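Colleague: Dropping in data14.cif, with mmCIF, C-alpha atoms.
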```
data_upload
loop_
_atom_site.label_atom_id
_atom_site.label_comp_id
_atom_site.auth_asym_id
_atom_site.auth_seq_id
_atom_site.Cartn_x
_atom_site.Cartn_y
_atom_site.Cartn_z
CA MET B 1 -2.55 -3.53 18.93
CA THR B 2 -2.22 -5.79 21.95
CA ASN B 3 -3.62 -9.21 22.71
CA ILE B 4 -3.43 -10.38 26.34
CA VAL B 5 -4.26 -13.83 27.62
CA PRO B 6 -6.27 -13.31 30.82
CA ARG B 7 -4.29 -14.19 33.91
CA THR B 8 -7.11 -16.41 35.19
CA LEU B 9 -6.64 -18.71 32.21
CA ILE B 10 -2.93 -19.21 32.71
CA GLU B 11 -1.62 -21.81 35.11
CA ARG B 12 1.44 -20.71 37.00
CA SER B 13 4.27 -23.15 36.34
CA ILE B 14 7.99 -23.29 35.86
CA ARG B 15 7.57 -22.48 32.17
CA GLU B 16 8.70 -19.04 31.09
CA ARG B 17 6.04 -16.42 30.42
CA ILE B 18 6.57 -14.69 27.09
CA VAL B 19 5.33 -11.49 25.45
CA LEU B 20 5.60 -11.49 21.64
CA VAL B 21 6.39 -8.33 19.70
CA GLY B 22 5.70 -7.88 15.99
CA VAL B 23 6.51 -4.81 13.88
CA VAL B 24 4.86 -3.99 10.55
CA LEU B 25 7.67 -2.42 8.53
CA GLY B 26 7.53 -0.73 5.14
CA GLY B 27 5.34 -2.54 2.64
CA ALA B 28 4.57 -5.53 4.87
CA SER B 29 0.93 -6.22 5.70
CA THR B 30 -0.54 -6.68 9.15
CA GLU B 31 -1.72 -10.16 8.12
CA GLU B 32 1.83 -11.20 7.21
CA VAL B 33 3.22 -10.00 10.52
CA GLU B 34 0.38 -11.68 12.46
CA ALA B 35 1.13 -14.94 10.63
CA GLY B 36 4.77 -14.54 11.61
CA LEU B 37 3.75 -14.08 15.25
CA ASP B 38 1.55 -17.20 15.05
CA GLU B 39 4.55 -19.21 13.90
CA LEU B 40 6.74 -17.60 16.56
CA ALA B 41 4.18 -18.69 19.17
CA GLN B 42 4.58 -22.27 17.90
CA LEU B 43 8.34 -21.94 18.24
CA ILE B 44 7.95 -20.62 21.78
CA ASP B 45 5.75 -23.59 22.70
CA THR B 46 8.28 -25.99 21.17
CA ALA B 47 11.00 -24.31 23.24
CA GLY B 48 8.97 -25.00 26.39
CA ALA B 49 7.46 -21.62 27.28
CA ASP B 50 4.03 -19.96 27.32
CA VAL B 51 2.94 -16.92 25.33
CA VAL B 52 0.89 -14.71 27.66
CA ALA B 53 0.52 -11.60 25.48
CA ARG B 54 1.41 -10.17 22.10
CA THR B 55 1.66 -6.65 20.75
CA LEU B 56 1.98 -5.16 17.28
CA GLN B 57 3.33 -1.82 16.05
CA ARG B 58 3.58 -0.21 12.61
CA ARG B 59 6.74 1.71 11.77
CA ASP B 60 8.42 3.02 8.62
CA ARG B 61 11.76 1.71 9.83
CA PRO B 62 13.21 0.19 13.02
CA ASP B 63 14.39 2.57 15.72
CA PRO B 64 18.22 2.26 15.85
CA ALA B 65 18.29 2.24 19.65
CA THR B 66 15.29 0.13 20.67
CA PHE B 67 13.70 -1.10 17.40
CA LEU B 68 10.32 0.20 18.67
CA GLY B 69 10.91 3.72 19.88
CA ARG B 70 10.85 4.80 23.54
CA GLY B 71 7.10 5.45 23.71
CA LYS B 72 6.23 1.93 22.57
CA VAL B 73 8.95 0.48 24.81
CA ALA B 74 7.30 2.16 27.78
CA GLU B 75 3.95 0.59 26.82
CA LEU B 76 5.68 -2.77 26.40
CA ALA B 77 7.22 -2.45 29.86
CA GLN B 78 3.77 -1.82 31.38
CA LEU B 79 2.28 -4.76 29.50
CA SER B 80 5.10 -7.08 30.57
CA GLU B 81 4.64 -6.02 34.18
CA ALA B 82 0.86 -6.51 34.00
CA VAL B 83 1.16 -10.12 32.76
CA ASP B 84 4.22 -10.88 34.92
CA ALA B 85 6.29 -11.80 31.84
CA ASP B 86 9.79 -13.19 32.18
CA THR B 87 10.93 -12.52 28.63
CA VAL B 88 10.00 -10.39 25.63
CA VAL B 89 10.56 -11.97 22.20
CA PHE B 90 10.76 -9.97 18.96
CA ASP B 91 9.89 -11.57 15.61
CA GLU B 92 12.68 -9.57 13.97
CA GLU B 93 16.41 -9.85 14.63
CA LEU B 94 17.71 -7.39 17.21
CA SER B 95 21.15 -5.84 17.06
CA PRO B 96 23.31 -6.32 20.17
CA ALA B 97 22.84 -2.64 21.08
CA GLN B 98 19.06 -2.82 20.67
CA GLN B 99 18.94 -5.94 22.83
CA ARG B 100 20.98 -4.31 25.62
CA ASN B 101 18.88 -1.13 25.54
CA LEU B 102 15.61 -3.06 25.61
CA GLN B 103 16.69 -5.20 28.55
CA ARG B 104 17.67 -2.09 30.50
CA LEU B 105 14.42 -0.28 29.75
CA LEU B 106 12.13 -3.29 30.18
CA GLY B 107 13.85 -4.69 33.26
CA ARG B 108 13.67 -8.23 31.84
CA THR B 109 15.23 -10.43 29.16
CA ALA B 110 14.67 -9.30 25.56
CA ILE B 111 15.57 -11.71 22.74
CA ASP B 112 14.68 -12.26 19.10
CA ARG B 113 13.38 -15.03 16.87
CA THR B 114 16.91 -16.19 16.11
CA ALA B 115 17.60 -16.89 19.80
CA VAL B 116 14.40 -18.97 20.05
CA ILE B 117 15.32 -21.13 17.05
CA LEU B 118 18.86 -21.62 18.35
CA ASP B 119 17.40 -22.67 21.71
CA ILE B 120 15.17 -25.31 20.07
CA PHE B 121 18.14 -26.68 18.14
CA ALA B 122 20.14 -26.83 21.37
CA GLN B 123 17.39 -28.92 22.98
CA ASN B 124 17.02 -31.30 20.00
CA ALA B 125 20.63 -31.97 18.97
CA ARG B 126 21.52 -35.61 19.61
CA SER B 127 24.60 -36.65 17.61
CA PRO B 128 28.12 -35.36 18.39
CA GLU B 129 28.12 -33.49 15.08
CA GLY B 130 24.68 -31.98 15.69
CA LYS B 131 25.67 -30.83 19.18
CA ALA B 132 28.89 -29.27 17.91
CA GLN B 133 27.07 -27.50 15.07
CA VAL B 134 24.45 -26.06 17.42
CA GLU B 135 27.00 -24.94 19.98
CA LEU B 136 29.04 -23.21 17.28
CA ALA B 137 25.93 -21.41 16.01
CA LEU B 138 25.06 -20.34 19.57
CA LEU B 139 28.56 -18.96 20.20
CA ARG B 140 28.58 -17.09 16.88
CA TYR B 141 25.28 -15.50 17.89
CA ARG B 142 26.43 -14.64 21.41
CA LEU B 143 29.92 -13.34 20.61
CA PRO B 144 28.85 -9.85 19.41
CA ARG B 145 26.48 -9.63 22.38
CA LEU B 146 29.26 -9.78 24.96
CA ARG B 147 30.41 -6.49 26.47
CA GLY B 148 33.68 -6.29 28.28
CA ARG B 149 35.14 -9.00 30.46
CA GLY B 150 33.18 -11.43 32.59
CA VAL B 151 29.80 -10.91 30.93
CA ALA B 152 27.36 -13.70 31.75
CA LEU B 153 25.96 -15.51 28.73
CA SER B 154 22.79 -16.29 30.65
CA GLN B 155 20.68 -13.39 31.84
CA GLN B 156 18.10 -15.75 33.24
CA ALA B 157 19.05 -19.29 34.19
CA GLY B 158 17.32 -21.92 32.08
CA GLY B 159 15.41 -19.45 29.92
CA ILE B 160 14.90 -19.45 26.15
CA GLY B 161 18.01 -18.32 24.37
CA THR B 162 20.29 -19.37 27.23
CA ARG B 163 20.35 -23.15 26.83
CA GLY B 164 22.96 -25.14 25.01
CA PRO B 165 26.22 -26.99 25.49
CA GLY B 166 28.91 -25.27 27.53
CA GLU B 167 26.71 -22.86 29.43
CA THR B 168 27.68 -24.20 32.84
CA GLN B 169 30.40 -21.56 32.49
CA LEU B 170 28.25 -18.61 33.45
CA GLU B 171 30.95 -16.05 32.73
CA VAL B 172 33.27 -16.29 29.78
CA ASP B 173 35.49 -13.68 28.14
CA ARG B 174 35.97 -13.23 24.42
CA ARG B 175 39.31 -14.99 24.27
CA ARG B 176 37.92 -18.13 25.84
CA LEU B 177 34.82 -17.95 23.67
CA LEU B 178 36.89 -17.68 20.50
CA ARG B 179 39.13 -20.54 21.63
CA ARG B 180 36.06 -22.74 22.08
CA MET B 181 34.74 -21.73 18.65
CA HIS B 182 38.04 -22.63 17.01
CA ARG B 183 38.00 -26.02 18.72
CA LEU B 184 34.45 -26.69 17.52
CA GLU B 185 35.37 -25.67 13.97
CA SER B 186 38.32 -28.08 14.10
CA ASP B 187 36.10 -30.90 15.39
CA LEU B 188 33.55 -30.26 12.66
CA ARG B 189 36.26 -30.29 9.98
CA GLU B 190 37.31 -33.72 11.21
CA LEU B 191 33.71 -34.94 11.15
CA GLU B 192 33.36 -33.50 7.65
CA ARG B 193 36.43 -35.47 6.51
CA ASN B 194 34.76 -38.64 7.79
CA ARG B 195 31.56 -37.69 5.98
CA SER B 196 33.53 -37.09 2.77
CA VAL B 197 34.94 -40.63 2.96
CA GLN B 198 31.38 -41.96 3.24
CA ARG B 199 30.31 -39.83 0.27
CA ARG B 200 33.21 -41.13 -1.86
CA SER B 201 32.16 -44.68 -0.99
CA ARG B 202 28.62 -43.93 -2.14
CA THR B 203 29.95 -42.37 -5.33
CA ARG B 204 31.94 -45.51 -6.10
CA SER B 205 28.81 -47.61 -5.57
CA ARG B 206 27.01 -45.35 -8.08
CA LEU B 207 23.80 -45.33 -6.10
CA ARG B 208 21.70 -42.29 -6.96
CA GLU B 209 20.90 -39.95 -4.06
CA VAL B 210 17.55 -38.34 -3.20
CA ALA B 211 17.21 -35.71 -0.45
CA LEU B 212 14.03 -34.86 1.46
CA VAL B 213 13.77 -31.11 1.98
CA GLY B 214 10.94 -28.93 3.20
CA TYR B 215 9.55 -26.69 5.88
CA THR B 216 9.81 -27.94 9.43
CA ASN B 217 7.01 -30.32 10.43
CA ALA B 218 5.96 -30.88 6.80
CA GLY B 219 6.18 -34.65 7.31
CA LYS B 220 9.60 -35.56 5.88
CA SER B 221 10.45 -38.14 8.57
CA THR B 222 6.99 -39.71 8.27
CA LEU B 223 7.52 -39.96 4.50
CA LEU B 224 10.94 -41.57 5.03
CA ASN B 225 9.28 -44.19 7.24
CA GLN B 226 6.54 -44.79 4.67
CA LEU B 227 9.01 -45.20 1.80
CA THR B 228 11.67 -47.30 3.54
CA ASN B 229 10.22 -48.68 6.80
CA ALA B 230 13.05 -46.77 8.47
CA GLY B 231 11.42 -46.81 11.91
CA VAL B 232 12.52 -43.20 12.53
CA LEU B 233 10.86 -41.56 15.55
CA THR B 234 8.43 -38.88 14.38
CA GLU B 235 6.96 -36.11 16.51
CA ASN B 236 4.38 -33.43 15.82
CA ARG B 237 6.75 -30.63 16.77
CA LEU B 238 9.07 -28.23 15.03
CA PHE B 239 12.67 -29.25 14.30
CA SER B 240 12.33 -32.80 15.63
CA THR B 241 14.94 -33.90 13.04
CA LEU B 242 18.37 -32.26 13.12
CA ASP B 243 20.70 -35.11 12.15
CA PRO B 244 20.47 -36.48 8.58
CA ARG B 245 19.25 -40.06 8.20
CA THR B 246 19.99 -42.07 5.06
CA ARG B 247 18.19 -45.26 3.99
CA LYS B 248 18.00 -47.41 0.86
CA LEU B 249 14.91 -46.95 -1.30
CA PHE B 250 13.84 -49.59 -3.83
CA LEU B 251 12.03 -48.15 -6.85
CA PRO B 252 9.41 -49.99 -8.96
CA GLY B 253 11.81 -50.21 -11.91
CA GLY B 254 14.26 -52.25 -9.85
CA GLU B 255 16.69 -49.42 -9.12
CA THR B 256 18.09 -48.88 -5.64
CA VAL B 257 18.73 -45.29 -4.50
CA LEU B 258 19.75 -43.63 -1.26
CA ILE B 259 17.25 -41.26 0.35
CA THR B 260 18.24 -38.81 3.10
CA ASP B 261 16.01 -36.98 5.57
CA THR B 262 17.39 -33.53 6.42
CA VAL B 263 16.75 -30.73 8.90
CA GLY B 264 13.56 -28.76 8.26
CA PHE B 265 13.70 -25.14 7.16
CA VAL B 266 11.73 -22.17 8.46
CA ARG B 267 11.21 -18.50 7.62
CA LYS B 268 14.10 -16.31 8.76
CA LEU B 269 16.29 -19.36 9.47
CA PRO B 270 19.28 -17.92 11.36
CA HIS B 271 22.35 -17.45 9.18
CA GLN B 272 24.49 -18.82 12.03
CA LEU B 273 22.64 -22.14 11.76
CA ILE B 274 22.96 -22.34 7.98
CA GLU B 275 26.71 -21.76 8.28
CA ALA B 276 27.15 -24.24 11.14
CA PHE B 277 25.04 -26.92 9.40
CA ARG B 278 26.63 -26.42 5.98
CA SER B 279 28.47 -29.76 6.11
CA THR B 280 25.27 -31.58 7.08
CA LEU B 281 23.35 -29.80 4.34
CA GLN B 282 25.92 -30.98 1.80
CA SER B 283 23.78 -34.11 1.48
CA VAL B 284 21.25 -31.76 -0.13
CA THR B 285 23.66 -30.01 -2.47
CA GLU B 286 25.05 -33.33 -3.77
CA ALA B 287 21.68 -35.03 -4.33
CA ASP B 288 20.53 -36.14 -7.77
CA LEU B 289 16.93 -35.19 -6.92
CA LEU B 290 15.25 -33.12 -4.21
CA LEU B 291 11.86 -34.22 -2.86
CA HIS B 292 10.39 -30.91 -1.68
CA VAL B 293 7.79 -31.96 0.91
CA VAL B 294 5.05 -29.38 1.49
CA ASP B 295 2.37 -29.41 4.20
CA GLY B 296 -0.81 -29.25 2.11
CA SER B 297 -2.85 -28.36 5.21
CA ALA B 298 -0.69 -25.35 6.18
CA ALA B 299 -2.24 -21.89 6.37
CA ASP B 300 0.35 -20.44 3.97
CA PRO B 301 1.96 -23.26 1.98
CA GLU B 302 3.16 -20.93 -0.79
CA GLY B 303 5.02 -18.85 1.81
CA GLN B 304 6.63 -22.01 3.16
CA ILE B 305 7.64 -23.10 -0.35
CA ALA B 306 9.29 -19.70 -0.90
CA ALA B 307 11.11 -19.92 2.45
CA VAL B 308 12.51 -23.38 1.62
CA ARG B 309 13.67 -22.27 -1.82
CA ALA B 310 15.38 -19.23 -0.28
CA VAL B 311 17.44 -21.51 1.98
CA LEU B 312 18.20 -23.86 -0.93
CA ALA B 313 19.52 -20.86 -2.86
CA GLU B 314 21.70 -19.84 0.08
CA ILE B 315 23.36 -23.28 0.29
CA GLY B 316 23.83 -23.55 -3.50
CA ALA B 317 21.10 -26.11 -4.22
CA ALA B 318 18.58 -23.94 -6.08
CA GLN B 319 19.36 -25.43 -9.51
CA LEU B 320 18.99 -29.09 -8.52
CA PRO B 321 16.10 -31.12 -9.99
CA GLU B 322 13.07 -30.85 -7.68
CA LEU B 323 9.97 -33.00 -7.34
CA MET B 324 7.34 -31.28 -5.23
CA VAL B 325 5.43 -33.57 -2.87
CA ILE B 326 2.23 -32.14 -1.38
CA ASN B 327 1.72 -34.03 1.89
CA LYS B 328 -1.17 -34.43 4.35
CA ALA B 329 -3.86 -35.03 1.71
CA ASP B 330 -5.76 -36.91 4.43
CA ARG B 331 -6.10 -33.71 6.46
CA SER B 332 -7.16 -31.15 3.89
CA GLU B 333 -8.74 -30.94 0.45
CA ASP B 334 -6.46 -27.96 -0.15
CA ALA B 335 -3.59 -30.41 -0.73
CA ALA B 336 -5.02 -31.62 -4.05
CA ARG B 337 -5.72 -28.04 -5.18
CA LEU B 338 -2.16 -27.03 -4.27
CA ALA B 339 -0.73 -29.98 -6.22
CA ALA B 340 -2.77 -28.98 -9.26
CA LYS B 341 -1.20 -25.49 -9.14
CA HIS B 342 2.34 -26.92 -9.34
CA GLU B 343 2.98 -28.88 -12.54
CA GLY B 344 4.30 -32.38 -11.91
CA ALA B 345 3.66 -32.28 -8.15
CA ALA B 346 2.64 -35.47 -6.35
CA CYS B 347 -0.20 -35.38 -3.83
CA ILE B 348 0.19 -37.88 -0.98
CA SER B 349 -0.45 -38.71 2.64
CA ALA B 350 2.74 -39.93 4.27
CA MET B 351 0.65 -41.03 7.24
CA THR B 352 -1.86 -43.27 5.41
CA GLY B 353 0.21 -44.20 2.34
CA GLU B 354 -2.16 -42.51 -0.13
CA GLY B 355 -0.36 -41.69 -3.39
CA ILE B 356 2.92 -43.38 -2.40
CA ASP B 357 2.96 -45.77 -5.40
CA THR B 358 2.50 -42.83 -7.76
CA LEU B 359 5.27 -40.94 -5.98
CA LEU B 360 7.69 -43.88 -6.32
CA ARG B 361 7.04 -44.06 -10.05
CA ALA B 362 7.57 -40.30 -10.33
CA ILE B 363 10.91 -40.54 -8.49
CA GLY B 364 12.07 -43.25 -10.88
CA ASP B 365 10.91 -41.29 -13.93
CA ARG B 366 12.64 -38.09 -12.79
CA LEU B 367 15.93 -39.87 -12.08
CA ARG B 368 15.86 -41.68 -15.41
CA SER B 369 15.05 -38.48 -17.29
CA ALA B 370 18.36 -37.04 -16.03
CA ASP B 371 20.22 -39.91 -17.70
CA ARG B 372 21.38 -39.83 -21.32
CA VAL B 373 21.05 -42.84 -23.60
CA VAL B 374 24.30 -43.96 -25.24
CA ARG B 375 25.29 -46.93 -27.43
CA LEU B 376 28.26 -48.92 -26.18
CA GLU B 377 30.27 -51.58 -28.02
CA ILE B 378 31.81 -53.96 -25.48
CA PRO B 379 34.19 -56.80 -26.54
CA TRP B 380 33.46 -60.28 -25.26
CA ASP B 381 36.75 -60.33 -23.36
CA ARG B 382 35.51 -57.38 -21.25
CA GLY B 383 32.77 -59.13 -19.36
CA ASP B 384 33.64 -56.99 -16.33
CA VAL B 385 32.63 -53.87 -18.27
CA LEU B 386 29.39 -55.44 -19.47
CA ALA B 387 28.51 -56.39 -15.90
CA ALA B 388 29.34 -52.87 -14.67
CA VAL B 389 27.11 -51.31 -17.37
CA HIS B 390 24.19 -53.47 -16.23
CA ARG B 391 24.91 -52.52 -12.64
CA GLU B 392 25.24 -48.77 -13.13
CA GLY B 393 22.76 -47.99 -15.90
CA GLU B 394 19.36 -48.90 -17.27
CA VAL B 395 19.93 -51.25 -20.21
CA LEU B 396 17.29 -50.59 -22.87
CA GLU B 397 18.58 -52.98 -25.52
CA GLN B 398 21.43 -55.48 -25.92
CA LEU B 399 22.47 -56.99 -29.25
CA VAL B 400 24.85 -59.94 -29.59
CA GLY B 401 27.56 -59.69 -32.26
CA ASN B 402 30.59 -61.71 -33.32
CA ASP B 403 33.09 -59.48 -31.56
CA GLY B 404 31.03 -58.43 -28.57
CA ALA B 405 27.79 -56.90 -27.31
CA THR B 406 26.20 -53.66 -28.47
CA VAL B 407 24.32 -52.12 -25.56
CA LEU B 408 21.83 -49.24 -25.59
CA VAL B 409 21.89 -47.91 -22.02
CA ALA B 410 20.81 -44.84 -20.01
CA LEU B 411 23.73 -43.56 -17.93
CA ASP B 412 24.26 -40.54 -15.70
CA GLY B 413 27.17 -38.13 -16.26
CA PRO B 414 29.87 -39.87 -14.16
CA ALA B 415 29.01 -43.27 -15.63
CA ARG B 416 29.12 -41.91 -19.19
CA ALA B 417 32.61 -40.58 -18.48
CA ARG B 418 33.67 -43.95 -17.07
CA PHE B 419 32.53 -45.89 -20.14
CA ALA B 420 33.50 -43.22 -22.69
CA ARG B 421 36.06 -45.44 -24.46
CA PHE B 422 33.32 -47.96 -25.31
CA VAL B 423 30.90 -45.43 -26.87
CA ALA B 424 30.06 -46.49 -30.44
CA ALA B 425 31.19 -44.15 -33.21
CA SER B 426 28.22 -42.31 -34.72
#
```
Take the structure I supplied and represent it as structure tokens, if you would.
Modeller:
Amino acid sequence: MTNIVPRTLIERSIRERIVLVGVVLGGASTEEVEAGLDELAQLIDTAGADVVARTLQRRDRPDPATFLGRGKVAELAQLSEAVDADTVVFDEELSPAQQRNLQRLLGRTAIDRTAVILDIFAQNARSPEGKAQVELALLRYRLPRLRGRGVALSQQAGGIGTRGPGETQLEVDRRRLLRRMHRLESDLRELERNRSVQRRSRTRSRLREVALVGYTNAGKSTLLNQLTNAGVLTENRLFSTLDPRTRKLFLPGGETVLITDTVGFVRKLPHQLIEAFRSTLQSVTEADLLLHVVDGSAADPEGQIAAVRAVLAEIGAAQLPELMVINKADRSEDAARLAAKHEGAACISAMTGEGIDTLLRAIGDRLRSADRVVRLEIPWDRGDVLAAVHREGEVLEQLVGNDGATVLVALDGPARARFARFVAAS
């Protein structure tokens, strides 16, 4: 099954010309694979290239040598020649051997979905930590694809899958590559130590932490702006946010919490990226509440929800409290129907502000529900403790006695431990 964009409709430019390849394996449906190719086409556009054709094949299992089998590879070579394609991109991950064999048989660059995503991250990384994380992921991906000494990392200068820091060195051997990886890992450990100091400072301040998670382009940065007036630049493109951004959020009940915008997830998110970004994603694993932002106008929102939860499980955040936020209610009536299917979900428009007040109340309610109410007896000569209790918890009742104050207060786990000596005997 092949779909070709007529040559007369394509403007010749410096953008790469791409042929997409999808394979229906095992119990997968053609519709699922087509949806995957649609998303891959979006990724290709974000990376700065043009899809000029796509082809689909059904197989029981991948061919060990070429993924497709030699007959289909021959057809793919003819198609690529007919549309003057620069690169062929597979929606499944290719082994190093499969990639080498395909490039030899096709006479052009052959890469996979992972390489495209890594390329987009390389283009979007801005902070020193983000750049180091992306470069490390790129090198981990490229290392097993080197053969012998003096192999060029770039088969095609400037093409998808070849960008990224450090690639002015066109030929690099394994020893030098590994040395660079070790240096990056050392740099990232140092950055992680600095981040740990910041986290300890936040812990001492006892501000609760909320993390925005969700599929890429679901509207997390727009929601951060709506909630906090953060002024973060938002773009209608995939992976526009790579570096976490933290702002203060003031809830209707008077509480102040920290809210962090994180990198968006996607189906088949490369393992190299998850490993490289693990320190950045720690802001997710240490959050008190996850706001799972879902694009209510997406073609397959349930598939996106499943993809996000799969990544959360991989980074150890699957058990954290989650508040689902169905976004883009202004674009589609499906958003309200989707919210109704998920108990407790909030339906909003981060763009227009619809439903934001309800969402803020829900955030406060969910955070407070995680607290446990305890009764403390605080002597009058410990005014510092009484002040700290008011600062760190939600005081529900305070009674004045001869020897001190009896306080009924909702406290989280760390705060309960801190004030344990003042807990009233039952």
Colleague: Find, counting only C-alpha atoms, the residue in B:Ala313, B:Ile14, B:Leu43, B:Leu56 that gets nearest to B:Ser29.
Modeller: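 Nearest candidate to B:Ser29 out of B:Ala313, B:Ile14, B:Leu43, B:Leu56: B:Leu56.
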Colleague: Can you tell me which residues surround B:Glu322 at a distance of at most 8 Å, considering only C-alpha atoms, apart from same-chain residues fewer than 4 positions away, and format the answer as a VMD selection string?
Modeller: chain B and resid 289 to 292
Colleague: Can you work out which one of B:Val409, B:Ala362, B:Ala77, B:Val197 has the shortest atom-to-atom distance to B:Ala345, counting only C-alpha atoms?
Modeller: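 Nearest to B:Ala345: B:Ala362.
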Colleague: Evaluated on this file, the PyMOL selection byres ((chain B and resi 266-276) around 8) picks out some residues - which ones are they, written as an NGL selection string?
Modeller: :B and (114 or 117-118 or 133-134 or 136-138 or 140-141 or 215-216 or 264-265 or 277-279 or 304 or 307-308 or 311 or 315)
Colleague: For the atom pair atom CA of B:Val210 and atom CA of B:Ile120, what is the interatomic distance in Å to one decimal place?
Modeller: 26.8 Å
Colleague: Any idea what the distance is between atom CA of B:Leu207 and atom CA of B:Arg309?
Modeller: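 Separating atom CA of B:Leu207 from atom CA of B:Arg309 is a distance of 25.5 Å.
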